[in-house]
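The file model-v9.cif contains mmCIF, C-alpha atoms:
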```
data_entry
#
loop_
_atom_site.label_atom_id
_atom_site.label_comp_id
_atom_site.auth_asym_id
_atom_site.auth_seq_id
_atom_site.Cartn_x
_atom_site.Cartn_y
_atom_site.Cartn_z
CA MET V 271 45.43 5.96 131.92
CA LYS V 272 44.82 6.57 135.62
CA LEU V 273 44.53 10.14 136.93
CA ARG V 274 43.91 11.73 140.29
CA ILE V 275 40.69 13.75 140.29
CA MET V 276 38.75 16.16 142.41
CA LYS V 277 35.00 15.87 142.05
CA PHE V 278 32.83 18.98 142.18
CA GLU V 279 29.18 19.65 141.55
CA GLN V 280 27.40 22.58 139.94
CA PRO V 281 23.78 23.12 138.86
CA ALA V 282 24.58 21.62 135.45
CA GLY V 283 25.91 18.37 136.96
CA GLU V 284 29.04 16.59 138.19
CA PHE V 285 32.55 17.39 136.97
CA TYR V 286 36.05 16.10 137.66
CA LEU V 287 39.13 18.29 137.82
CA THR V 288 42.47 16.74 136.93
CA VAL V 289 45.84 17.60 135.37
CA MET V 290 47.36 16.20 132.20
CA GLY V 291 50.55 16.68 130.29
CA ALA V 292 49.77 18.70 127.18
CA ASP V 293 51.35 15.98 125.01
CA VAL V 294 48.96 13.39 126.48
CA LEU V 295 46.03 15.76 126.11
CA ILE V 296 46.83 16.32 122.44
CA GLU V 297 46.91 12.58 121.74
CA MET V 298 43.64 11.69 123.47
CA SER V 299 41.33 14.54 122.44
CA LYS V 300 39.62 15.83 119.33
CA ALA V 301 37.28 18.66 118.35
CA GLN V 302 34.08 18.10 116.41
CA PRO V 303 33.20 21.25 114.42
CA ARG V 304 29.56 22.03 113.73
CA ALA V 305 28.80 21.83 110.03
CA PHE V 306 25.90 22.70 107.73
CA ASP V 307 24.54 20.19 105.22
CA ASP V 308 23.57 22.07 102.05
CA ASN V 309 21.42 19.19 100.85
CA LYS V 310 19.48 18.54 104.03
CA LEU V 311 19.58 22.22 105.09
CA ARG V 312 20.35 21.22 108.66
CA SER V 313 23.31 21.50 111.02
CA SER V 314 25.28 18.49 112.24
CA GLU V 315 25.61 17.47 115.89
CA GLY V 316 29.11 18.90 116.39
CA ILE V 317 29.37 21.84 118.76
CA GLN V 318 32.66 23.52 117.89
CA ARG V 319 33.33 26.49 115.66
CA GLU V 320 35.65 25.98 112.72
CA PRO V 321 39.23 26.34 114.03
CA SER V 322 40.85 29.70 113.40
CA SER V 323 44.36 29.38 111.96
CA LYS V 324 45.08 32.92 113.13
CA ARG V 325 44.13 32.11 116.72
CA ILE V 326 46.13 28.86 116.67
CA LYS V 327 49.18 30.75 115.39
CA GLU V 328 48.83 33.37 118.13
CA ILE V 329 48.66 30.70 120.84
CA SER V 330 51.56 28.78 119.30
CA GLU V 331 53.73 31.89 119.37
CA TYR V 332 52.69 32.68 122.93
CA ALA V 333 53.45 29.10 124.04
CA GLN V 334 57.01 29.60 122.91
CA THR V 335 57.57 32.63 125.16
CA LEU V 336 59.52 32.38 128.41
CA ASP V 337 56.58 33.12 130.71
CA ALA V 338 53.81 31.26 128.82
CA ALA V 339 51.01 29.96 131.05
CA PHE V 340 47.72 28.13 130.42
CA PRO V 341 45.96 28.02 133.79
CA THR V 342 42.41 27.87 132.40
CA PRO V 343 41.02 24.31 132.27
CA ILE V 344 40.33 22.47 129.04
CA LEU V 345 36.87 20.85 129.02
CA LEU V 346 36.68 17.26 127.77
CA ALA V 347 33.62 15.04 127.41
CA LEU V 348 33.85 11.31 128.13
CA LYS V 349 31.23 8.82 126.95
CA ASP V 350 29.74 5.99 128.95
CA GLY V 351 32.05 2.99 128.98
CA GLU V 352 35.18 5.02 128.34
CA TYR V 353 36.15 5.43 131.99
CA ASP V 354 35.84 4.04 135.52
CA ILE V 355 35.62 6.20 138.64
CA ASP V 356 37.20 4.99 141.89
CA ASP V 357 35.71 7.12 144.67
CA THR V 358 37.86 5.48 147.35
CA SER V 359 41.09 6.71 145.77
CA ASP V 360 39.67 9.81 144.07
CA SER V 361 40.85 8.61 140.72
CA ILE V 362 39.60 8.00 137.19
CA ASP V 363 40.80 5.27 134.87
CA ILE V 364 40.37 6.29 131.23
CA LYS V 365 40.49 3.25 128.99
CA ASP V 366 43.14 2.76 126.31
CA ASN V 367 42.61 4.36 122.89
CA VAL V 368 39.80 6.60 124.12
CA VAL V 369 39.54 9.90 122.23
CA ALA V 370 37.65 12.47 124.30
CA GLU V 371 35.65 15.25 122.66
CA ILE V 372 36.85 18.80 123.29
CA VAL V 373 33.99 20.92 124.65
CA ASP V 374 36.13 24.00 125.20
CA GLY V 375 39.79 24.68 124.46
CA GLN V 376 40.45 23.41 120.94
CA HIS V 377 42.56 26.42 119.98
CA ARG V 378 44.75 26.13 123.07
CA ILE V 379 45.36 22.45 122.42
CA GLN V 380 46.18 22.98 118.76
CA GLY V 381 48.32 26.04 119.49
CA ILE V 382 50.40 24.20 122.09
CA LYS V 383 50.79 21.30 119.67
CA GLU V 384 52.09 23.57 116.91
CA SER V 385 54.46 25.32 119.31
CA GLY V 386 56.51 22.15 119.72
CA ARG V 387 56.53 22.67 123.49
CA ALA V 388 53.77 20.29 124.53
CA LYS V 389 56.04 18.42 126.97
CA ASP V 390 56.68 21.67 128.86
CA PHE V 391 53.07 22.17 129.98
CA LYS V 392 50.85 20.53 132.57
CA ILE V 393 47.27 21.53 131.78
CA PRO V 394 44.27 21.63 134.13
CA VAL V 395 41.43 19.61 132.63
CA VAL V 396 37.77 19.39 133.60
CA LEU V 397 36.25 16.05 132.63
CA ILE V 398 32.52 15.98 131.91
CA PRO V 399 31.25 12.43 132.47
CA SER V 400 28.70 11.07 129.99
CA PRO V 401 27.16 14.38 128.86
CA THR V 402 24.30 14.54 126.36
CA VAL V 403 24.73 16.48 123.13
CA GLU V 404 22.42 19.08 124.63
CA GLN V 405 24.60 19.50 127.74
CA LYS V 406 27.77 19.86 125.68
CA ALA V 407 26.11 22.43 123.42
CA LEU V 408 24.78 24.50 126.30
CA ILE V 409 28.10 24.50 128.16
CA PHE V 410 29.95 25.62 125.03
CA ALA V 411 27.32 28.19 124.02
CA ILE V 412 27.06 29.77 127.46
CA ILE V 413 30.83 29.85 128.08
CA ASN V 414 31.60 31.37 124.69
CA GLY V 415 28.42 33.29 123.97
CA LYS V 416 29.52 36.10 126.28
CA GLN V 417 32.78 36.50 124.36
CA THR V 418 33.33 38.08 120.97
CA LYS V 419 35.57 35.37 119.52
CA VAL V 420 32.78 32.90 118.72
CA PRO V 421 30.47 33.79 115.80
CA ALA V 422 26.99 34.64 117.07
CA SER V 423 25.52 32.44 114.35
CA LEU V 424 27.21 29.36 115.83
CA VAL V 425 26.16 30.24 119.39
CA TYR V 426 22.51 30.63 118.34
CA ASP V 427 22.67 27.48 116.22
CA LEU V 428 23.83 25.48 119.23
CA PHE V 429 20.72 26.49 121.15
CA GLY V 430 18.80 24.63 118.46
CA ILE V 431 20.17 21.37 119.92
CA THR V 432 18.43 21.89 123.25
CA LYS V 433 15.32 19.85 123.96
CA GLY V 434 13.45 22.39 126.07
CA ARG V 435 11.96 25.67 124.90
CA SER V 436 13.84 28.95 125.12
CA PRO V 437 13.72 32.30 123.31
CA TYR V 438 17.05 31.40 121.72
CA LYS V 439 15.76 28.09 120.37
CA THR V 440 12.56 29.66 119.05
CA ALA V 441 14.48 32.39 117.23
CA HIS V 442 16.95 29.83 115.83
CA GLU V 443 14.20 27.48 114.63
CA ILE V 444 12.39 30.35 112.90
CA ALA V 445 15.61 31.40 111.17
CA ARG V 446 16.22 27.80 110.12
CA ALA V 447 12.66 27.48 108.80
CA MET V 448 13.03 30.70 106.83
CA ASN V 449 16.23 29.43 105.26
CA SER V 450 15.19 25.82 104.59
CA THR V 451 11.56 26.09 103.46
CA PRO V 452 10.98 26.31 99.69
CA GLY V 453 8.80 29.32 98.96
CA SER V 454 10.15 31.31 101.90
CA PRO V 455 11.48 34.73 100.86
CA TRP V 456 14.68 33.82 102.72
CA TYR V 457 15.03 30.33 101.22
CA ARG V 458 18.78 29.56 101.07
CA ARG V 459 19.45 33.26 101.70
CA LEU V 460 20.88 33.13 105.25
CA LYS V 461 24.52 32.48 106.04
CA MET V 462 24.00 29.60 108.43
CA LEU V 463 26.73 29.28 111.09
CA GLY V 464 27.87 32.77 110.04
CA ARG V 465 29.50 31.80 106.76
CA ASN V 466 28.47 31.38 103.14
CA THR V 467 27.06 27.87 102.70
CA GLY V 468 26.53 27.92 98.96
CA GLY V 469 23.38 29.97 98.45
CA GLU V 470 23.36 32.26 95.44
CA ASN V 471 22.04 35.37 97.19
CA GLN V 472 23.18 34.86 100.77
CA SER V 473 23.31 38.37 102.16
CA LEU V 474 22.47 38.05 105.86
CA SER V 475 23.98 35.99 108.67
CA GLN V 476 21.96 33.62 110.82
CA GLY V 477 23.31 35.49 113.86
CA THR V 478 21.96 38.86 112.67
CA PHE V 479 18.57 37.34 111.90
CA VAL V 480 18.29 35.67 115.31
CA LYS V 481 19.64 38.64 117.28
CA HIS V 482 17.09 41.10 115.92
CA LEU V 483 14.21 38.63 116.17
CA LEU V 484 15.13 37.74 119.75
CA VAL V 485 14.40 41.26 121.05
CA HIS V 486 10.78 40.88 119.94
CA ILE V 487 10.43 37.58 121.82
CA SER V 488 12.07 38.43 125.14
CA ASP V 489 14.08 41.26 126.63
CA ASN V 490 15.72 38.79 129.03
CA PRO V 491 16.16 35.49 127.16
CA ASP V 492 18.71 34.11 129.65
CA GLU V 493 16.27 34.51 132.53
CA ASP V 494 13.42 33.00 130.51
CA ARG V 495 15.54 29.99 129.56
CA ASP V 496 16.42 29.43 133.22
CA ILE V 497 12.79 29.78 134.33
CA ILE V 498 11.68 27.22 131.74
CA ALA V 499 14.41 24.81 132.86
CA LYS V 500 13.11 25.12 136.43
CA MET V 501 9.53 24.64 135.18
CA GLY V 502 8.53 28.05 136.47
CA LYS V 503 5.98 30.52 135.12
CA LEU V 504 7.35 32.95 132.55
CA PRO V 505 6.85 36.67 133.21
CA VAL V 506 5.13 38.85 130.63
CA ARG V 507 7.57 40.88 128.54
CA GLN V 508 5.30 43.74 127.58
CA LYS V 509 7.80 45.49 125.32
CA CYS V 510 8.20 42.40 123.13
CA ILE V 511 5.47 42.02 120.50
CA PHE V 512 5.96 38.25 120.13
CA ASN V 513 6.24 37.43 123.82
CA ASP V 514 2.64 36.32 124.24
CA TYR V 515 2.96 33.90 121.34
CA PHE V 516 6.19 32.52 122.80
CA ARG V 517 4.74 32.02 126.29
CA GLU V 518 1.69 30.32 124.78
CA ASP V 519 3.88 28.00 122.68
CA LYS V 520 2.62 29.48 119.41
CA ASP V 521 5.90 29.90 117.57
CA GLU V 522 4.14 29.13 114.28
CA ILE V 523 2.27 32.44 114.57
CA ILE V 524 5.54 34.34 114.97
CA LEU V 525 6.82 32.62 111.83
CA LYS V 526 3.63 33.45 109.92
CA ILE V 527 3.77 37.15 110.84
CA LEU V 528 7.39 37.36 109.74
CA LEU V 529 6.56 35.58 106.49
CA ASN V 530 3.78 38.11 105.93
CA MET V 531 6.21 41.00 106.38
CA PHE V 532 9.06 39.63 104.27
CA ASN V 533 6.76 38.36 101.50
CA ALA V 534 5.21 41.84 101.38
CA ALA V 535 8.63 43.46 101.13
CA LYS V 536 9.58 41.09 98.33
CA LYS V 537 6.35 41.93 96.43
CA VAL V 538 6.81 45.67 96.78
CA TRP V 539 10.54 45.63 95.96
CA PRO V 540 11.08 42.47 93.83
CA ILE V 541 14.18 43.74 92.04
CA GLU V 542 15.77 45.04 95.22
CA TRP V 543 14.98 41.80 97.07
CA ASP V 544 16.66 39.57 94.50
CA ASN V 545 19.74 41.73 93.95
CA PRO V 546 21.60 42.05 97.27
CA ASN V 547 24.82 43.02 95.49
CA GLN V 548 23.18 46.25 94.35
CA TYR V 549 20.55 46.96 97.01
CA ILE V 550 20.47 46.94 100.81
CA LEU V 551 16.95 45.56 101.37
CA THR V 552 18.05 42.00 102.26
CA LYS V 553 21.41 43.00 103.68
CA THR V 554 22.05 43.98 107.28
CA THR V 555 20.88 47.59 106.88
CA GLY V 556 17.57 46.71 105.25
CA PHE V 557 16.84 43.74 107.49
CA ILE V 558 17.50 45.60 110.73
CA ALA V 559 15.40 48.53 109.50
CA MET V 560 12.47 46.21 108.86
CA MET V 561 12.86 44.59 112.29
CA LYS V 562 12.99 48.01 113.96
CA ALA V 563 9.85 49.07 112.10
CA LEU V 564 8.07 45.79 112.85
CA PRO V 565 6.55 46.71 116.26
CA TYR V 566 4.93 49.85 114.83
CA ILE V 567 3.57 48.06 111.75
CA TYR V 568 2.42 45.07 113.81
CA ASN V 569 0.66 47.16 116.46
CA SER V 570 -1.06 49.38 113.92
CA GLY V 571 -2.38 46.30 112.15
CA LYS V 572 -3.40 44.58 115.37
CA GLN V 573 -5.57 47.55 116.30
CA ASN V 574 -7.58 46.84 113.14
CA ASN V 575 -7.39 43.05 113.54
CA ASP V 576 -5.22 42.87 110.45
CA ILE V 577 -1.65 41.60 110.51
CA SER V 578 -1.96 39.98 107.11
CA GLU V 579 0.51 40.12 104.27
CA GLU V 580 -1.76 42.73 102.65
CA HIS V 581 -1.40 45.00 105.69
CA PHE V 582 2.38 44.94 105.43
CA GLU V 583 2.18 45.38 101.66
CA LYS V 584 0.10 48.56 101.99
CA THR V 585 2.56 49.94 104.53
CA PHE V 586 5.55 49.21 102.30
CA GLU V 587 3.81 50.65 99.22
CA ASN V 588 3.48 53.97 101.06
CA ALA V 589 7.14 53.80 102.05
CA LYS V 590 8.13 53.07 98.45
CA LYS V 591 6.23 56.14 97.22
CA ASN V 592 7.97 58.34 99.78
CA ILE V 593 11.40 56.98 98.81
CA GLU V 594 10.72 57.57 95.12
CA LYS V 595 9.32 61.03 95.88
CA GLU V 596 12.73 61.97 97.27
CA ASN V 597 14.49 60.43 94.24
CA LYS V 598 16.20 57.91 96.47
CA LYS V 599 16.89 54.19 96.08
CA LEU V 600 17.48 51.34 98.48
CA ILE V 601 21.24 51.53 98.04
CA SER V 602 24.08 52.14 100.47
CA ASP V 603 24.71 55.63 99.04
CA HIS V 604 21.29 56.69 100.31
CA PHE V 605 21.09 54.45 103.39
CA ASN V 606 24.55 54.16 104.92
CA PRO V 607 25.54 50.97 106.74
CA GLY V 608 25.12 51.31 110.49
CA SER V 609 22.52 52.70 112.85
CA VAL V 610 22.03 55.98 110.96
CA GLY V 611 20.99 54.25 107.74
CA GLU V 612 18.96 51.62 109.61
CA ASN V 613 17.04 54.21 111.60
CA ARG V 614 16.46 56.36 108.54
CA LEU V 615 14.90 53.49 106.61
CA ALA V 616 12.94 52.30 109.65
CA GLY V 617 11.47 55.78 109.98
CA ILE V 618 10.35 55.72 106.36
CA LEU V 619 8.83 52.26 106.72
CA THR V 620 6.74 53.44 109.67
CA GLY V 621 5.83 56.76 108.06
CA GLU V 622 7.51 58.73 110.83
CA GLN V 623 10.15 60.20 108.50
CA VAL V 624 8.98 61.03 104.99
CA ASP V 625 10.77 64.25 104.03
CA ASN V 626 14.38 65.31 103.62
CA PHE V 627 15.95 62.00 104.46
#
```
In structure tokens, write the structure found in this file.
Amino acid sequence: MKLRIMKFEQPAGEFYLTVMGADVLIEMSKAQPRAFDDNKLRSSEGIQREPSSKRIKEISEYAQTLDAAFPTPILLALKDGEYDIDDTSDSIDIKDNVVAEIVDGQHRIQGIKESGRAKDFKIPVVLIPSPTVEQKALIFAIINGKQTKVPASLVYDLFGITKGRSPYKTAHEIARAMNSTPGSPWYRRLKMLGRNTGGENQSLSQGTFVKHLLVHISDNPDEDRDIIAKMGKLPVRQKCIFNDYFREDKDEIILKILLNMFNAAKKVWPIEWDNPNQYILTKTTGFIAMMKALPYIYNSGKQNNDISEEHFEKTFENAKKNIEKENKKLISDHFNPGSVGENRLAGILTGEQVDNF
């Protein structure tokens, strides 16, 4: 299949803009969803979210309207050996039976297909020649990470593919280690890729874990990622308690401190930790409260050269006494979902709010 192309360059590399009939596009493209292996406790190399039947239906219905339009390019990746570029005629020859991987646009393609009107549409397509898995993941994550339609867990998981360091990758790898390491208090407890993957007590999404860890690593992770890619010197993020460890490539210390905190919480509240259906400690409210309290507890321990598990345990024991003193429990009736309940519990964990909560 020979197509006219227009070559353009951006910081990420070379791209080729072309136009295809939607029926042709449907036949020669496929999406590769990212999956989670419950046995190996790792994600596969696919980059796409699971397709949304609701979104496909919406696009299909829209494609059948009188003024339907799809002017936004579909992004397709082509492997080495699947194409030949002719610069003299500004054309690309895609070999027979090639199936290109969809980097962005799977719902539009599927929606147009289900509409039955594929022959009515000419679709702009951007071809990405011979990209690495890392490049495909970054393009997808950055394009879709600023939108609300892609689960945050998938976006953060995709940063785990990247070879270089970044705050996103560090936070993702720590979340993955927490979920996949036997003996971790979060072992098989996180909803990797944002959905239940078979764990008995999965009560927290990977996206929530990463999001609230990220703020302690960097308050501008996009800038830090770009600086690292350009081999520049990272600025100090003074408000972020883990920033020094990140800049010094000591991610294992961040993991150890978090293990100290969560192991301490599990020791102090063993019943609450292992019963997420009844208690909020390992659900979003409890987790975010602990992460909000973390800077105070960390800094108070660091002043005494003690950020051990025992330091966190003593802090949580005091909080437990104050909760019991008020005849309260770690349940949603006493700590409502949302910022009010999170802040209330965080205040108790730091000792800043001990009465009339």
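Of the listed residues (V:Ile364, V:Phe391, V:Phe516, V:Ala347), V:Ala347 comes nearest to V:Gln405; the distances count all atoms listed in the file.
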Next item on the list: Using the chain letters and numbers from the file, give me the residues hit by the PyMOL selection byres ((chain V and resi 437) around 7), as a list in words.
Entry: Ser436, Tyr438, Lys439, Thr440, Ala441, Leu484, Ile487, Ser488, Pro491 and Arg495 of chain V
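Distances to V:Lys392 were evaluated for V:Ile296, V:Gly283, V:Ile329, V:Val373 using only C-alpha atoms, and the minimum falls at V:Ile296.
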At a cut-off of 10 Å, using all atoms listed in the file, what residues contact V:Asp489? Leave out same-chain residues fewer than 4 positions from it and give the result as a PDB file with C-alpha atoms, in the frame of the given file.
```
ATOM      1  CA  PRO V 437      13.720  32.300 123.310  1.00  0.00           C
ATOM      2  CA  LEU V 484      15.130  37.740 119.750  1.00  0.00           C
ATOM      3  CA  VAL V 485      14.400  41.260 121.050  1.00  0.00           C
ATOM      4  CA  GLU V 493      16.270  34.510 132.530  1.00  0.00           C
ATOM      5  CA  ASP V 494      13.420  33.000 130.510  1.00  0.00           C
ATOM      6  CA  ARG V 507       7.570  40.880 128.540  1.00  0.00           C
ATOM      7  CA  GLN V 508       5.300  43.740 127.580  1.00  0.00           C
ATOM      8  CA  LYS V 509       7.800  45.490 125.320  1.00  0.00           C
ATOM      9  CA  CYS V 510       8.200  42.400 123.130  1.00  0.00           C
ATOM     10  CA  ASN V 513       6.240  37.430 123.820  1.00  0.00           C
TER      11      ASN V 513
END
```
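The nearest approach to V:Asp427 among the residues V:Lys481, V:Arg387, V:Lys272, V:Arg325, with only C-alpha atoms taken into account, belongs to V:Lys481.
The nearest approach to V:Tyr568 among the residues V:His604, V:His581, V:Lys389, V:Lys277, with only C-alpha atoms taken into account, belongs to V:His581.
Here the PyMOL selection byres ((chain V and resi 294) around 10) matches the residues Met271, Met290, Gly291, Ala292, Asp293, Leu295, Ile296, Glu297, Met298, Ser299, Ala388, Lys389, Lys392 and Ile393 of chain V.
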Next item on the list: Pull out every residue that the PyMOL selection byres ((chain V and resi 281) around 12) matches in the shown coordinates and put them as an MDAnalysis selection string.
Entry: chainID V and resid 278:280 282:285 405 409 496 499:500
Note to self: Neighbouring residues of V:Thr585 were defined as those with any atom within 10 Å, considering all atoms listed in the file; residues of the same chain fewer than 3 positions away were excluded. Please report them as a PyMOL selection string.
What the structure shows: chain V and resi 531+534-535+538+567+571+580-582+588-590+618-621
Checklist line | Distance in Å - atom CA of V:Ala370 versus atom CA of V:Tyr332 | finding: 25.2 Å
